[in-house]
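K.L.:
Sharing work_18.cif, mmCIF, C-alpha atoms (C1' of nucleotides):
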data_input
#
loop_
_atom_site.label_atom_id
_atom_site.label_comp_id
_atom_site.auth_asym_id
_atom_site.auth_seq_id
_atom_site.Cartn_x
_atom_site.Cartn_y
_atom_site.Cartn_z
CA MET A 929 223.55 114.54 31.01
CA PRO A 930 222.41 114.31 34.63
CA ARG A 931 220.86 116.66 37.16
CA SER A 932 219.68 120.05 36.00
CA GLY A 933 221.73 122.09 38.46
CA SER A 934 220.94 125.37 36.75
CA ASP A 935 217.70 125.83 38.68
CA ALA A 936 219.61 125.53 41.93
CA ARG A 937 221.73 128.36 40.60
CA ARG A 938 218.65 130.43 39.91
CA ARG A 939 217.33 129.81 43.40
CA LEU A 940 220.68 130.86 44.81
CA GLN A 941 220.68 134.08 42.83
CA GLN A 942 217.16 134.87 43.91
CA ALA A 943 217.90 134.10 47.56
CA ALA A 944 221.06 136.20 47.44
CA LEU A 945 219.26 139.23 46.05
CA GLU A 946 216.48 138.91 48.63
CA LEU A 947 218.77 138.51 51.62
CA PHE A 948 221.13 141.24 50.53
CA ARG A 949 218.18 143.60 50.33
CA GLU A 950 216.73 142.48 53.64
CA ARG A 951 219.87 142.52 55.77
CA GLY A 952 222.52 144.11 53.59
CA TYR A 953 225.39 142.46 51.77
CA GLU A 954 227.91 142.30 54.60
CA ALA A 955 225.38 141.05 57.14
CA THR A 956 224.32 137.98 55.18
CA THR A 957 226.50 134.90 55.05
CA ALA A 958 226.90 132.51 52.17
CA ALA A 959 225.50 129.75 54.37
CA GLU A 960 222.28 131.73 54.86
CA ILE A 961 221.85 132.21 51.14
CA ALA A 962 222.41 128.52 50.55
CA ALA A 963 219.93 127.60 53.28
CA ARG A 964 217.19 129.73 51.76
CA ALA A 965 217.88 128.16 48.37
CA GLY A 966 217.67 124.71 49.94
CA VAL A 967 221.27 123.72 49.36
CA THR A 968 224.59 123.74 51.20
CA GLU A 969 227.18 126.46 51.45
CA ARG A 970 229.53 124.20 49.48
CA THR A 971 227.08 124.12 46.61
CA PHE A 972 226.88 127.90 46.61
CA PHE A 973 230.61 128.12 45.98
CA ARG A 974 230.42 125.49 43.31
CA HIS A 975 228.07 127.70 41.33
CA PHE A 976 229.72 131.03 42.07
CA LYS A 977 233.39 131.74 42.33
CA ASP A 978 232.70 134.05 45.28
CA LYS A 979 229.88 135.70 47.22
CA ARG A 980 229.68 138.70 44.89
CA GLU A 981 229.25 136.65 41.77
CA ALA A 982 225.76 135.61 42.88
CA LEU A 983 224.65 139.05 41.70
CA PHE A 984 226.74 139.20 38.54
CA HIS A 985 225.81 136.35 36.30
CA GLY A 986 224.68 136.45 32.75
CA GLU A 987 226.87 139.48 32.16
CA GLU A 988 229.09 137.35 29.96
CA ASP A 989 226.14 136.77 27.66
CA PHE A 990 225.54 140.49 27.45
CA ARG A 991 229.22 141.03 26.79
CA THR A 992 229.54 138.56 23.94
CA ALA A 993 226.24 139.68 22.42
CA LEU A 994 227.46 143.25 22.44
CA ALA A 995 230.83 142.31 20.97
CA ASP A 996 229.14 140.31 18.22
CA ALA A 997 226.92 143.27 17.43
CA VAL A 998 229.97 145.48 17.06
CA ILE A 999 231.63 143.02 14.71
CA ALA A 1000 228.42 142.73 12.68
CA ALA A 1001 227.85 146.48 12.44
CA PRO A 1002 228.03 148.07 8.95
CA ALA A 1003 231.66 148.23 7.88
CA ASP A 1004 231.50 151.87 6.84
CA LEU A 1005 230.72 153.09 10.36
CA ASP A 1006 233.47 154.79 12.31
CA PRO A 1007 234.34 153.13 15.66
CA LEU A 1008 232.14 155.25 17.91
CA SER A 1009 229.16 154.93 15.59
CA ALA A 1010 229.60 151.18 15.50
CA LEU A 1011 229.53 151.14 19.28
CA ARG A 1012 226.49 153.38 19.34
CA VAL A 1013 224.33 151.21 17.09
CA SER A 1014 225.41 148.13 19.05
CA PHE A 1015 224.38 149.72 22.32
CA GLY A 1016 221.10 150.67 20.73
CA ALA A 1017 220.43 147.05 19.82
CA THR A 1018 220.36 146.11 23.52
CA GLU A 1019 217.33 148.21 24.40
CA GLN A 1020 214.89 145.30 24.55
CA VAL A 1021 217.18 143.20 26.70
CA LEU A 1022 217.64 146.07 29.12
CA ARG A 1023 213.89 146.72 29.27
CA ASP A 1024 213.15 143.05 29.99
CA ASN A 1025 215.65 142.97 32.84
CA ARG A 1026 214.48 146.14 34.52
CA ALA A 1027 212.55 144.33 37.24
CA PHE A 1028 215.68 142.49 38.27
CA SER A 1029 218.36 145.06 37.52
CA GLY A 1030 216.55 147.95 39.21
CA PRO A 1031 216.71 146.63 42.78
CA ARG A 1032 220.09 145.18 42.03
CA ALA A 1033 221.46 148.57 41.00
CA ALA A 1034 220.12 150.16 44.18
CA LEU A 1035 221.84 147.47 46.22
CA ILE A 1036 225.13 147.90 44.42
CA ASP A 1037 224.99 151.66 44.94
CA GLN A 1038 225.15 151.22 48.70
CA THR A 1039 227.67 148.37 48.81
CA PRO A 1040 231.32 149.18 48.09
CA ALA A 1041 232.28 145.53 47.64
CA LEU A 1042 229.65 145.18 44.93
CA GLN A 1043 230.66 148.42 43.24
CA GLU A 1044 234.18 147.04 43.00
CA ARG A 1045 232.96 143.91 41.27
CA MET A 1046 230.77 145.99 38.97
CA LEU A 1047 233.83 147.91 37.85
CA THR A 1048 235.66 144.75 36.84
CA LYS A 1049 232.61 143.60 34.90
CA THR A 1050 232.57 146.91 33.08
CA ALA A 1051 236.28 146.62 32.43
CA GLY A 1052 235.70 143.20 30.91
CA LEU A 1053 233.02 144.66 28.70
CA ILE A 1054 235.35 147.40 27.56
CA ASP A 1055 237.98 144.78 26.74
CA ALA A 1056 235.48 142.83 24.67
CA LEU A 1057 234.41 145.98 22.82
CA ALA A 1058 238.01 146.88 22.12
CA GLY A 1059 238.62 143.40 20.77
CA ALA A 1060 235.60 143.68 18.52
CA LEU A 1061 236.80 147.03 17.23
CA ARG A 1062 240.19 145.54 16.47
CA ARG A 1063 238.42 142.96 14.33
CA ARG A 1064 237.01 145.86 12.40
CA GLY A 1065 240.54 146.97 11.63
CA VAL A 1066 240.91 149.59 14.33
CA LYS A 1067 244.43 149.73 15.73
CA ALA A 1068 244.93 148.45 19.27
CA GLY A 1069 245.50 151.76 21.03
CA ALA A 1070 242.64 153.50 19.29
CA ALA A 1071 240.37 150.52 19.91
CA THR A 1072 240.84 150.61 23.68
CA LEU A 1073 240.46 154.35 23.72
CA ALA A 1074 237.29 154.23 21.63
CA ALA A 1075 235.85 151.42 23.75
CA GLN A 1076 236.36 153.45 26.90
CA MET A 1077 234.81 156.50 25.31
CA GLY A 1078 231.86 154.48 24.09
CA MET A 1079 231.29 152.94 27.49
CA ALA A 1080 231.39 156.37 29.09
CA ALA A 1081 228.76 157.57 26.65
CA PHE A 1082 226.69 154.45 27.24
CA ASN A 1083 226.75 154.99 30.99
CA HIS A 1084 225.79 158.60 30.46
CA ALA A 1085 222.89 157.53 28.27
CA VAL A 1086 221.64 154.97 30.77
CA THR A 1087 221.84 157.53 33.56
CA MET A 1088 219.70 159.98 31.59
CA TRP A 1089 217.38 157.13 30.67
CA ALA A 1090 216.87 156.31 34.35
CA THR A 1091 215.99 159.94 34.99
CA ASP A 1092 213.23 159.78 32.38
CA PRO A 1093 212.10 156.15 32.06
CA ASP A 1094 209.40 157.05 29.55
CA SER A 1095 211.98 158.05 26.99
CA GLY A 1096 213.77 155.61 24.71
CA LEU A 1097 217.31 154.38 24.89
CA GLN A 1098 217.99 155.48 21.32
CA GLU A 1099 217.35 159.15 21.92
CA ASN A 1100 219.44 159.10 25.08
CA LEU A 1101 222.26 157.41 23.23
CA ALA A 1102 222.04 160.07 20.54
CA ARG A 1103 222.22 162.78 23.18
CA ALA A 1104 225.07 161.07 25.03
CA PHE A 1105 227.24 160.63 21.94
CA ALA A 1106 226.44 164.19 20.91
CA ASP A 1107 227.59 165.36 24.34
CA LEU A 1108 230.78 163.36 23.94
CA ARG A 1109 231.49 164.80 20.52
CA GLY A 1110 230.70 168.26 21.82
CA LEU A 1111 233.21 167.88 24.63
CA ALA A 1112 235.89 166.61 22.28
CA ALA A 1113 235.49 169.45 19.79
CA PRO A 1114 235.01 172.51 22.00
CA THR A 1115 236.30 176.05 21.81
CA PRO A 1116 238.92 175.53 19.09
CA PRO A 1117 237.94 172.71 16.72
CA ARG A 1118 241.62 172.41 15.83
CA ASN A 1119 244.44 173.03 18.20
CA MET B 791 252.07 162.89 69.73
CA PRO B 792 253.37 159.41 70.61
CA ARG B 793 254.96 156.57 68.66
CA SER B 794 255.88 157.18 65.07
CA GLY B 795 253.75 154.42 63.56
CA SER B 796 254.16 155.67 60.04
CA ASP B 797 257.53 153.97 59.58
CA ALA B 798 255.98 150.67 60.55
CA ARG B 799 253.56 151.33 57.73
CA ARG B 800 256.40 151.94 55.32
CA ARG B 801 258.08 148.71 56.37
CA LEU B 802 254.81 146.88 55.83
CA GLN B 803 254.39 148.31 52.34
CA GLN B 804 257.94 147.38 51.43
CA ALA B 805 257.60 143.87 52.83
CA ALA B 806 254.29 143.39 51.03
CA LEU B 807 255.72 144.39 47.66
CA GLU B 808 258.74 142.14 48.15
CA LEU B 809 256.79 139.08 49.22
CA PHE B 810 254.14 139.53 46.55
CA ARG B 811 256.87 139.57 43.95
CA GLU B 812 258.71 136.61 45.44
CA ARG B 813 255.77 134.26 46.03
CA GLY B 814 252.82 135.90 44.33
CA TYR B 815 249.94 137.76 45.93
CA GLU B 816 247.70 134.81 46.75
CA ALA B 817 250.54 132.72 48.15
CA THR B 818 251.64 135.24 50.77
CA THR B 819 249.70 135.70 53.97
CA ALA B 820 249.20 138.89 55.90
CA ALA B 821 250.97 137.28 58.83
CA GLU B 822 254.07 136.73 56.70
CA ILE B 823 254.13 140.34 55.60
CA ALA B 824 253.80 141.47 59.19
CA ALA B 825 256.58 139.13 60.30
CA ARG B 826 259.00 140.51 57.73
CA ALA B 827 258.11 144.02 58.80
CA GLY B 828 258.71 143.09 62.43
CA VAL B 829 255.15 143.55 63.63
CA THR B 830 252.02 141.47 64.18
CA GLU B 831 249.27 140.58 61.76
CA ARG B 832 246.92 142.67 63.87
CA THR B 833 249.10 145.71 63.28
CA PHE B 834 249.02 145.10 59.55
CA PHE B 835 245.25 145.38 59.56
CA ARG B 836 245.37 148.47 61.70
CA HIS B 837 247.37 150.23 59.03
CA PHE B 838 245.56 148.83 55.99
CA LYS B 839 241.89 148.17 55.65
CA ASP B 840 242.68 144.95 53.79
CA LYS B 841 245.55 143.00 52.24
CA ARG B 842 245.28 144.80 48.89
CA GLU B 843 245.59 148.24 50.39
CA ALA B 844 249.21 147.61 51.27
CA LEU B 845 249.98 148.27 47.61
CA PHE B 846 247.59 151.20 47.14
CA HIS B 847 248.53 153.94 49.49
CA GLY B 848 249.31 157.51 48.70
CA GLU B 849 246.91 157.40 45.80
CA GLU B 850 244.64 159.73 47.73
CA ASP B 851 247.40 162.33 47.67
CA PHE B 852 247.73 161.95 43.93
CA ARG B 853 243.98 162.24 43.60
CA THR B 854 243.58 165.44 45.60
CA ALA B 855 246.64 166.98 43.96
CA LEU B 856 245.17 166.28 40.56
CA ALA B 857 241.76 167.62 41.54
CA ASP B 858 243.35 170.79 42.90
CA ALA B 859 245.26 171.23 39.66
CA VAL B 860 242.04 170.99 37.69
CA ILE B 861 240.38 173.60 39.87
CA ALA B 862 243.39 175.87 39.54
CA ALA B 863 243.66 175.52 35.77
CA PRO B 864 243.07 178.64 33.64
CA ALA B 865 239.36 179.41 33.60
CA ASP B 866 239.15 179.81 29.83
CA LEU B 867 240.15 176.21 29.17
CA ASP B 868 237.48 173.79 28.04
CA PRO B 869 237.02 170.72 30.32
CA LEU B 870 239.25 168.31 28.41
CA SER B 871 242.04 170.86 28.09
CA ALA B 872 241.85 171.57 31.79
CA LEU B 873 242.27 167.87 32.45
CA ARG B 874 245.13 167.64 30.01
CA VAL B 875 247.22 170.39 31.57
CA SER B 876 246.55 168.91 35.02
CA PHE B 877 247.75 165.50 33.91
CA GLY B 878 250.79 167.16 32.41
CA ALA B 879 251.65 168.72 35.77
CA THR B 880 252.10 165.27 37.30
CA GLU B 881 255.03 164.27 35.12
CA GLN B 882 257.67 164.81 37.80
CA VAL B 883 255.73 162.87 40.42
CA LEU B 884 255.30 159.96 38.03
CA ARG B 885 258.97 159.99 37.11
CA ASP B 886 260.04 159.98 40.77
CA ASN B 887 257.83 157.00 41.52
CA ARG B 888 258.89 154.89 38.57
CA ALA B 889 261.21 152.69 40.61
CA PHE B 890 258.33 151.76 42.87
CA SER B 891 255.41 151.85 40.46
CA GLY B 892 257.12 149.85 37.74
CA PRO B 893 257.40 146.55 39.62
CA ARG B 894 254.07 147.28 41.21
CA ALA B 895 252.38 147.60 37.84
CA ALA B 896 253.88 144.31 36.65
CA LEU B 897 252.56 142.66 39.79
CA ILE B 898 249.09 144.09 39.37
CA ASP B 899 249.01 142.95 35.75
CA GLN B 900 249.21 139.34 36.77
CA THR B 901 246.94 139.50 39.83
CA PRO B 902 243.18 139.79 39.24
CA ALA B 903 242.47 140.77 42.83
CA LEU B 904 244.85 143.70 42.52
CA GLN B 905 243.46 144.73 39.16
CA GLU B 906 240.05 144.92 40.77
CA ARG B 907 241.32 147.23 43.47
CA MET B 908 243.12 149.33 40.87
CA LEU B 909 239.86 149.88 39.07
CA THR B 910 238.19 151.27 42.17
CA LYS B 911 241.13 153.59 42.71
CA THR B 912 240.77 154.81 39.15
CA ALA B 913 237.04 155.24 39.66
CA GLY B 914 237.75 157.36 42.71
CA LEU B 915 240.12 159.46 40.68
CA ILE B 916 237.48 159.95 38.01
CA ASP B 917 234.99 161.01 40.67
CA ALA B 918 237.44 163.56 42.03
CA LEU B 919 238.11 164.92 38.55
CA ALA B 920 234.39 165.18 37.85
CA GLY B 921 233.93 167.05 41.11
CA ALA B 922 236.71 169.46 40.18
CA LEU B 923 235.16 170.06 36.77
CA ARG B 924 231.83 170.81 38.41
CA ARG B 925 233.58 173.48 40.44
CA ARG B 926 234.63 174.99 37.13
CA GLY B 927 230.96 175.30 36.21
CA VAL B 928 230.64 172.15 34.14
CA LYS B 929 227.24 170.51 34.53
CA ALA B 930 227.16 167.20 36.42
CA GLY B 931 226.50 164.87 33.50
CA ALA B 932 229.07 166.49 31.25
CA ALA B 933 231.58 166.56 34.10
CA THR B 934 231.49 162.79 34.69
CA LEU B 935 231.57 162.16 30.98
CA ALA B 936 234.53 164.45 30.47
CA ALA B 937 236.35 162.98 33.46
CA GLN B 938 235.97 159.49 32.03
CA MET B 939 237.16 160.64 28.63
CA GLY B 940 240.12 162.42 30.16
CA MET B 941 241.09 159.37 32.19
CA ALA B 942 240.89 157.21 29.09
CA ALA B 943 243.20 159.59 27.27
CA PHE B 944 245.54 159.69 30.26
CA ASN B 945 245.77 155.91 30.35
CA HIS B 946 246.40 155.89 26.65
CA ALA B 947 249.17 158.43 27.07
CA VAL B 948 250.82 156.52 29.90
CA THR B 949 250.69 153.31 27.86
CA MET B 950 252.44 154.99 24.96
CA TRP B 951 254.88 156.53 27.41
CA ALA B 952 255.77 153.11 28.77
CA THR B 953 256.42 151.92 25.23
CA ASP B 954 258.93 154.70 24.72
CA PRO B 955 260.32 155.71 28.13
CA ASP B 956 262.70 158.23 26.60
CA SER B 957 259.85 160.39 25.40
CA GLY B 958 258.06 162.94 27.57
CA LEU B 959 254.65 162.72 29.14
CA GLN B 960 253.59 165.97 27.52
CA GLU B 961 253.99 164.80 23.96
CA ASN B 962 252.21 161.55 24.70
CA LEU B 963 249.37 163.46 26.31
CA ALA B 964 249.17 165.64 23.23
CA ARG B 965 249.02 162.58 21.01
CA ALA B 966 246.46 160.85 23.26
CA PHE B 967 244.09 163.79 23.35
CA ALA B 968 244.53 164.25 19.63
CA ASP B 969 243.60 160.60 19.13
CA LEU B 970 240.55 161.11 21.31
CA ARG B 971 239.44 164.18 19.38
CA GLY B 972 240.08 162.36 16.15
CA LEU B 973 237.86 159.48 17.19
CA ALA B 974 235.10 161.82 18.29
CA ALA B 975 235.08 163.80 15.05
CA PRO B 976 235.55 161.12 12.40
CA THR B 977 234.05 160.57 9.00
CA PRO B 978 231.29 163.18 9.20
CA PRO B 979 232.33 166.11 11.43
CA ARG B 980 228.61 166.81 11.92
CA ASN B 981 225.94 164.19 12.02
"C1'" DG C 661 257.56 162.21 87.75
"C1'" DG C 662 252.41 161.78 86.76
"C1'" DC C 663 249.28 161.95 82.72
"C1'" DA C 664 247.05 161.47 78.39
"C1'" DT C 665 247.31 159.81 73.76
"C1'" DT C 666 248.39 156.68 70.33
"C1'" DT C 667 250.54 152.39 68.79
"C1'" DC C 668 251.11 147.73 69.38
"C1'" DG C 669 250.61 142.63 71.09
"C1'" DT C 670 247.61 138.97 72.55
"C1'" DC C 671 243.59 136.30 72.35
"C1'" DA C 672 239.42 134.65 70.66
"C1'" DG C 673 236.15 134.49 67.24
"C1'" DT C 674 233.48 134.84 62.60
"C1'" DC C 675 233.24 134.03 57.86
"C1'" DA C 676 234.77 133.49 52.98
"C1'" DC C 677 236.61 129.95 50.42
"C1'" DT C 678 238.91 125.19 49.13
"C1'" DG C 679 240.28 120.21 48.74
"C1'" DA C 680 239.11 115.44 49.43
"C1'" DC C 681 235.94 111.95 49.55
"C1'" DG C 682 231.56 109.68 49.38
"C1'" DT C 683 226.69 109.61 47.64
"C1'" DA C 684 222.69 110.30 44.73
"C1'" DT C 685 220.57 111.29 40.36
"C1'" DA C 686 219.71 111.44 35.27
"C1'" DG C 687 220.65 109.90 31.01
"C1'" DA C 688 223.18 106.37 27.54
"C1'" DC C 689 223.57 101.92 26.16
"C1'" DA C 690 223.08 97.15 26.13
"C1'" DT D 1038 215.17 96.69 32.85
"C1'" DG D 1039 219.60 96.69 34.67
"C1'" DT D 1040 224.47 98.56 34.48
"C1'" DC D 1041 227.56 102.53 33.57
"C1'" DT D 1042 228.94 107.06 33.63
"C1'" DA D 1043 228.88 111.89 34.06
"C1'" DT D 1044 227.49 115.44 36.90
"C1'" DA D 1045 225.47 117.75 41.05
"C1'" DC D 1046 225.41 117.57 45.75
"C1'" DG D 1047 226.51 116.73 50.94
"C1'" DT D 1048 229.90 116.23 54.59
"C1'" DC D 1049 234.08 117.15 56.85
"C1'" DA D 1050 238.21 119.41 57.86
"C1'" DG D 1051 241.16 123.08 57.12
"C1'" DT D 1052 243.34 127.76 55.79
"C1'" DG D 1053 243.43 132.54 55.86
"C1'" DA D 1054 241.35 137.30 55.82
"C1'" DC D 1055 239.51 140.32 59.02
"C1'" DT D 1056 237.46 142.19 63.70
"C1'" DG D 1057 236.49 143.28 68.63
"C1'" DA D 1058 238.10 143.56 73.35
"C1'" DC D 1059 241.59 144.20 76.55
"C1'" DG D 1060 246.04 145.25 78.35
"C1'" DA D 1061 250.88 146.92 77.84
"C1'" DA D 1062 254.41 150.01 76.13
"C1'" DA D 1063 256.02 154.25 74.20
"C1'" DT D 1064 255.86 159.26 73.41
"C1'" DG D 1065 255.05 164.03 74.33
"C1'" DC D 1066 253.08 167.60 77.77
"C1'" DC D 1067 252.66 169.65 82.18
#
What would you get if you wrote out this structure as structure tokens?
P.N.:
Amino acid sequence: MPRSGSDARRRLQQAALELFRERGYEATTAAEIAARAGVTERTFFRHFKDKREALFHGEEDFRTALADAVIAAPADLDPLSALRVSFGATEQVLRDNRAFSGPRAALIDQTPALQERMLTKTAGLIDALAGALRRRGVKAGAATLAAQMGMAAFNHAVTMWATDPDSGLQENLARAFADLRGLAAPTPPRN
Amino acid sequence: MPRSGSDARRRLQQAALELFRERGYEATTAAEIAARAGVTERTFFRHFKDKREALFHGEEDFRTALADAVIAAPADLDPLSALRVSFGATEQVLRDNRAFSGPRAALIDQTPALQERMLTKTAGLIDALAGALRRRGVKAGAATLAAQMGMAAFNHAVTMWATDPDSGLQENLARAFADLRGLAAPTPPRN
DNA sequence: GGCATTTCGTCAGTCACTGACGTATAGACA
DNA sequence: TGTCTATACGTCAGTGACTGACGAAATGCC
């Protein structure tokens, strides 16, 4: 097979992150990103479906890896526990990407258009998790519900983790799922 | 105050929904919507921040109404129960809007760009619910977590409701929150 | 009947994104 | 080593979303 192509993509991603941070997302054009990466605007849109996607790439890998982990989790685990151990298995990946995902997260926080895209990526992840749970025999409705609950707990855990970077993901996941279970079984354990 | 203006907006919303259903979202231009509504493209963008917003308007009312209901809920209710009764109070509004929101939902289902916007609207709703819970004394982290859980249960309830339109929202909410509590307190009630 | 406020039309412009077509490069195969 | 082919890339032209500036028309108040 010819021409690598994938290193042009990497240059484009790098250039996009830099320019977005320097001038802001709205103020930088796709042509500028392409120029810094040494290619044409047309090439930019051949690699990324739209301007936002330059910052969201490789998330599919994370999604499928997570879904596979859920499918491979011990069969005797209840849905939320299966999700929890799968989230826990991603700690190393998350740690390795901190240098890239840190600045990226800060950028997304102050850019509505990027937040919107982030939400659809998260929704896709939830879908994949729900599908994986269904493969474990969980009924459709319960699978979607559990996937959403798990993602909420995961986000909660990552938020607490960011507050105290010296801690581990595992302990924050434990706390997050405990919080979730505490909320679900409050004043009267049974109605 | 001069010129009504708000009826032009209504005509634009109606025209947008019609054209999107006739030709699809991507295939209809903002100029076409404006033409059917008897105004100019420029006027369209004065009423709506972008093309998608023509279908998402009035959601802010729903959001503040829901947040107010959460704040006004009995003080002795735990967070999830407060959310549940607030959701239950919206049944009449949802029923009244069925004629409009039904076709709209079908349209959104087959239009990725509209799904994306829907997700940000839902995220805004979750934020508002979390804020309302904080006013009830719930700590920040638990409030966002509970709001996400509540929204997941609400979506679950509405899905079941759509499956069986003759049923009531209340019973589906009861079932949805029961499902949620069941998932959160599964095999071992305590870790 | 003036006057202020708000909506709307017109015009011109930027930028995200796409299709068509031609070119260059890297590997497969003779 | 010289074709052959698949793939990445450049160029060009075009559509459509969205915005700023300016002027005109409509509405309510005095």
K.L.:
Could you spell out the hits of the PyMOL selection byres ((chain D and resi 1046) around 8) on the shown file, as a PyMOL selection string?
P.N.:
(chain A and resi 971) or (chain C and resi 684) or (chain D and resi 1045+1047)
K.L.:
Can you build me a table of chain C residues sitting at most 7 Å from chain B, with the closest atom pair per residue and its distance in Å to one decimal, using only C-alpha atoms (C1' of nucleotides), sorted by chain and residue number, as a Markdown table?
P.N.:
| residue | atom | partner | partner_atom | distance |
| --- | --- | --- | --- | --- |
| C:DT665 | C1' | B:Pro792 | CA | 6.8 |
| C:DT666 | C1' | B:Pro792 | CA | 5.7 |
| C:DT667 | C1' | B:Arg793 | CA | 6.1 |
| C:DC668 | C1' | B:Thr833 | CA | 6.7 |
K.L.:
Go through chain D and flag each residue having an atom no more than 9 Å from chain B; for those, report the closest pair of atoms plus their distance in Å to one decimal, using all atoms listed in the file, ordered by chain and rising number, as CSV.
P.N.:
residue,atom,partner,partner_atom,distance
D:DG1053,C1',B:Thr819,CA,7.3
D:DA1054,C1',B:Lys841,CA,7.9
D:DC1055,C1',B:Asp840,CA,7.7
D:DA1063,C1',B:Arg793,CA,6.1
D:DT1064,C1',B:Pro792,CA,3.8
D:DG1065,C1',B:Met791,CA,5.6
K.L.:
Could you list the residues in chain A lying within 8 Å of chain B, using all atoms listed in the file, and format the result as a PyMOL selection string?
P.N.:
chain A and resi 1006-1008+1044-1045+1047-1048+1069-1070+1073-1074+1076-1077+1080-1081+1084+1107-1109+1111-1115
K.L.:
Which residues match the PyMOL selection byres ((chain C and resi 662) around 12) in the file above, as a PyMOL selection string?
P.N.:
(chain C and resi 661+663-664) or (chain D and resi 1066-1067)
K.L.:
How many Å separate CA of Ile898 in chain B from CA of Asp797 in chain B?
P.N.:
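According to the coordinates, CA of Ile898 in chain B and CA of Asp797 in chain B are separated by 24.0 Å.
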K.L.:
Residues picked by the PyMOL selection byres ((chain C and resi 674) around 9) here, as an MDAnalysis selection string?
P.N.:
(chainID C and resid 673 675) or (chainID D and resid 1055:1056)
K.L.:
Could you tell me how far CA of Asp899 in chain B sits from CA of Gly828 in chain B, in Å to one decimal place?
P.N.:
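Between these atoms lies a distance of 28.4 Å.
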K.L.:
In Å, with one decimal, what is the gap from CA of Ser891 in chain B to CA of Phe834 in chain B?
P.N.:
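So the two atoms, CA of Ser891 in chain B and CA of Phe834 in chain B, lie 21.2 Å apart.
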